[in-house]
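Data block below; observations after.
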Amino acid sequence: MAPVYDHGGGVRSLRVPIPDNPLGHTLVYVVDTDRGPVLVDTGWDDPASWEALTAGLTACGTSVAEILGVVVTHHHPDHHGLSGRVREASGAWIALHPADAAVVRRTRAARPGRWLTYLAARLTAAGAPEHHVAPLRAAPADALPGLSPALPDREIVPGGLLDLPGRRLRAIWTPGHTPGHVCLHLEEHHPSDRTGHGRLFSGDHLLPGITPHIGLYEDPDDTTMTDPLGDYLDSLERVGRLTPAEVLPAHQHAFDDAAGRVRLLLAHHAERLTGVLALLTGPLTPWQLAERMEWNRPWAEIPHGSRNIAVAEAEAHLRHLVKLDRVQPVPGSDPVAYIAA
Ligand SMILES: [Zn+2]
Ligand SMILES: [Zn+2]
């Protein structure tokens, strides 16, 4: 696979590998401007990924030192991981939505072990059995690698144009996958005259063959009852209405018919919510619900870490159904169980 793909109209993509991950790579987009290239996302912070990024930029006829700015779709390490290194090498600005910038600040400030303590408490509250939670409590405080994601220099303003000299790139706030996820709408004529409105850099929000993970926003210091799944469904409709001529996602490959993909994802989630409701004829904790939901393999074969992600998805469904008054918590239950209303 060629390291660089030319999408036309001053947009190219680089395949930056994600180590030990079935997704394989992040598509980093290089957008030419009148004052140097701007990157959409940067890739995982790993020597091989850095090598791929810098080699790809050389193949584009530029270099990392020439980068004017970095627009980050969301804070996840396969998107924002190398942003700090790019800034060091070039003096580029980094732009991120304030809600994801808050996650970055919290990650940088967190004491070692804070995340594990939070996760153990959350799983216990969700009804996880002691044998699942105990290893988290027993883990040494420094069991997780100290992540130090780069602080942004600029805030992405929802609905606003980014500062790309000679180009029109508008930020579309699409919370759901993360609280501050943005898609970026290149409001320019499609270089191959395809019908539709410009091109959309969709990050992880809209992918051609994957349903992005929608869990909880996971803020140890915030007890607000957010509804990430509801946010995601609203955000899907918002990008569908843009009717871009082409979608440039952060994984897999470019595709057209954004509206069709949005309809498919909305139908998938509607079906999943119906399935969850059908399971809630009797009271279930989030853990018990997760055990009964359909995953890509039987529950017994899902490893420890993936079970935590599955329980977060189950909770996201419960929160959304509670908000719609379709499900209610059972009074006096501890851990809290839920039942169809
Ligand atoms: Zn992501
Ligand atoms: Zn991703």
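Please note that chains go A, B, ... in the order of the structure tokens, that every chain numbers its residues from 1, and that ligands are numbered from 1 in the order shown.
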
Please find the residues contacting ligand 2 at a distance of at most 9 Å between atoms, with only C-alpha atoms and all ligand atoms counted, and report them as a CSV table (one decimal) with C-alpha atoms, in the first residue's frame.
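To be explicit, this is the file written out as part-v6.csv:
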chain,number,residue,atom,x,y,z
A,23,LEU,CA,-7.5,-1.1,13.2
A,25,HIS,CA,-3.4,2.5,10.9
A,26,THR,CA,-4.7,6.1,11.3
A,43,GLY,CA,-1.2,9.3,14.8
A,74,HIS,CA,-10.5,14.1,19.2
A,76,HIS,CA,-7.7,9.6,21.5
A,77,PRO,CA,-4.0,8.6,21.2
A,78,ASP,CA,-4.3,7.2,17.7
A,79,HIS,CA,-5.3,10.7,16.6
A,203,GLY,CA,-12.4,11.3,12.4
A,204,ASP,CA,-13.9,8.3,14.2
A,205,HIS,CA,-17.4,9.7,14.0
A,212,PRO,CA,-17.4,3.5,16.6
A,250,ALA,CA,-9.5,8.6,10.1
A,251,HIS,CA,-9.5,4.8,9.5

Would you write out, as a tab-separated table, a table of all residues in region 126-165 of chain A that have an atom no more than 12 Å from an atom of region 280-286 of chain A, listing for each the closest atom pair and the distance in Å to one decimal, considering only C-alpha atoms and ordering rows by chain and rising residue number?
residue	atom	partner	partner_atom	distance
A:Ala126	CA	A:Pro286	CA	5.2
A:Gly127	CA	A:Thr285	CA	5.7
A:Ala128	CA	A:Pro286	CA	8.3
A:Pro129	CA	A:Thr285	CA	11.1

Would you mind exporting the chosen residues as a PDB file, in the first residue's frame, restricted to C-alpha atoms?
ATOM      1  CA  ALA A 126     -22.394  -1.313  37.682  1.00  0.00           C
ATOM      2  CA  GLY A 127     -22.705  -4.691  39.420  1.00  0.00           C
ATOM      3  CA  ALA A 128     -19.394  -6.250  38.326  1.00  0.00           C
ATOM      4  CA  PRO A 129     -18.486  -9.336  40.375  1.00  0.00           C
TER       5      PRO A 129
END

Applying 7 Å and only C-alpha atoms, which residues near Gly56 (chain A) remain after dropping the ones on its own chain fewer than 3 positions away? List them as a PDB file with C-alpha atoms, in the first residue's frame.
ATOM      1  CA  PRO A   3       2.421   5.458   1.958  1.00  0.00           C
ATOM      2  CA  VAL A   4       0.759   8.523   0.404  1.00  0.00           C
ATOM      3  CA  LEU A  14      -0.685   9.143   5.028  1.00  0.00           C
ATOM      4  CA  ALA A  52       5.813   6.684   8.823  1.00  0.00           C
ATOM      5  CA  LEU A  53       4.533  10.219   9.389  1.00  0.00           C
ATOM      6  CA  ALA A  59       7.013  11.773  -0.049  1.00  0.00           C
ATOM      7  CA  CYS A  60       4.508  14.666  -0.248  1.00  0.00           C
TER       8      CYS A  60
END

Notebook entry, point to check: Using only C-alpha atoms, which residue out of A:His131, A:His181, A:His253, A:Arg106 lies closest to Leu207 (chain A)?
Noted result: A:His253

Next item on the list: Give me every helix (DSSP H, G or I) residue in region 147-312 of chain A, going by DSSP on the backbone, as a VMD selection string.
Entry: chain A and resid 228 to 240 258 to 279 286 to 292 299 to 301 304 to 312

Export C-alpha atoms of the chosen residues as a compact mmCIF listing (two decimals), in the first residue's frame?
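Wrote it out as selection25.txt, contents follow:
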# COMPACT_ATOMS: atom_id res chain seq x y z
CA PRO A 228 -23.11 10.02 24.99
CA LEU A 229 -25.27 7.70 22.86
CA GLY A 230 -27.94 10.40 22.51
CA ASP A 231 -25.20 12.91 21.63
CA TYR A 232 -23.82 10.50 19.03
CA LEU A 233 -27.19 9.91 17.35
CA ASP A 234 -27.80 13.69 17.17
CA SER A 235 -24.29 14.20 15.76
CA LEU A 236 -24.89 11.54 13.11
CA GLU A 237 -27.98 13.34 11.87
CA ARG A 238 -26.06 16.63 11.84
CA VAL A 239 -23.31 15.31 9.52
CA GLY A 240 -25.86 13.49 7.34
CA ALA A 258 -22.49 9.91 3.82
CA ALA A 259 -26.28 10.08 4.17
CA GLY A 260 -26.60 6.36 3.37
CA ARG A 261 -23.96 5.44 5.92
CA VAL A 262 -25.68 7.65 8.52
CA ARG A 263 -29.03 5.92 7.85
CA LEU A 264 -27.37 2.52 8.29
CA LEU A 265 -25.77 3.51 11.59
CA LEU A 266 -29.00 5.05 12.91
CA ALA A 267 -30.86 1.82 12.00
CA HIS A 268 -28.15 -0.26 13.70
CA HIS A 269 -28.47 1.74 16.93
CA ALA A 270 -32.28 1.68 16.84
CA GLU A 271 -32.14 -2.11 16.53
CA ARG A 272 -29.62 -2.36 19.36
CA LEU A 273 -31.79 -0.18 21.64
CA THR A 274 -34.82 -2.37 20.86
CA GLY A 275 -32.75 -5.45 21.73
CA VAL A 276 -31.68 -3.90 25.05
CA LEU A 277 -35.29 -3.01 25.91
CA ALA A 278 -36.35 -6.60 25.22
CA LEU A 279 -33.72 -7.81 27.73
CA PRO A 286 -25.41 -2.78 33.73
CA TRP A 287 -23.02 -5.72 34.16
CA GLN A 288 -25.84 -8.27 33.81
CA LEU A 289 -27.12 -6.40 30.77
CA ALA A 290 -23.66 -6.44 29.16
CA GLU A 291 -23.45 -10.22 29.74
CA ARG A 292 -26.69 -10.65 27.79
CA TRP A 299 -19.24 -13.11 26.69
CA ALA A 300 -17.13 -16.00 28.08
CA GLU A 301 -14.48 -15.27 25.42
CA HIS A 304 -11.02 -8.48 30.98
CA GLY A 305 -10.24 -5.10 29.41
CA SER A 306 -12.81 -5.49 26.64
CA ARG A 307 -15.46 -6.37 29.23
CA ASN A 308 -14.90 -2.94 30.82
CA ILE A 309 -15.56 -1.34 27.43
CA ALA A 310 -18.65 -3.53 26.92
CA VAL A 311 -20.08 -2.50 30.31
CA ALA A 312 -19.54 1.18 29.40

Next item on the list: Pull the strand (DSSP E or B) assignments for region 125-233 of chain A out of DSSP run on the backbone, and list those residues as a PyMOL selection string.
Entry: chain A and resi 154-155+161+169-173+182-186+199-203

Note to self: If we count only C-alpha atoms and set the cut-off at 6 Å, which residues sit around Val40 (chain A), ignoring sequence neighbours fewer than 3 positions away in its own chain? Please answer as a ChimeraX atom specification.
What the structure shows: /A:28-29,70-72

Please produce an output containing N, CA and C atoms for each residue in the selection, written as a PDB file, in the first residue's frame.
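Result file is out-v5.pdb:
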ATOM      1  N   VAL A  28      -3.786  10.019   8.370  1.00  0.00           N
ATOM      2  CA  VAL A  28      -3.453  11.408   8.692  1.00  0.00           C
ATOM      3  C   VAL A  28      -3.573  12.201   7.393  1.00  0.00           C
ATOM      4  N   TYR A  29      -4.360  13.255   7.416  1.00  0.00           N
ATOM      5  CA  TYR A  29      -4.563  14.047   6.192  1.00  0.00           C
ATOM      6  C   TYR A  29      -3.646  15.258   6.183  1.00  0.00           C
ATOM      7  N   VAL A  70      -1.945  21.795  13.355  1.00  0.00           N
ATOM      8  CA  VAL A  70      -2.506  20.460  13.516  1.00  0.00           C
ATOM      9  C   VAL A  70      -3.929  20.614  14.035  1.00  0.00           C
ATOM     10  N   VAL A  71      -4.896  20.098  13.275  1.00  0.00           N
ATOM     11  CA  VAL A  71      -6.291  20.098  13.722  1.00  0.00           C
ATOM     12  C   VAL A  71      -6.593  18.682  14.183  1.00  0.00           C
ATOM     13  N   VAL A  72      -7.007  18.524  15.450  1.00  0.00           N
ATOM     14  CA  VAL A  72      -7.191  17.196  16.029  1.00  0.00           C
ATOM     15  C   VAL A  72      -8.688  16.913  16.155  1.00  0.00           C
TER      16      VAL A  72
END
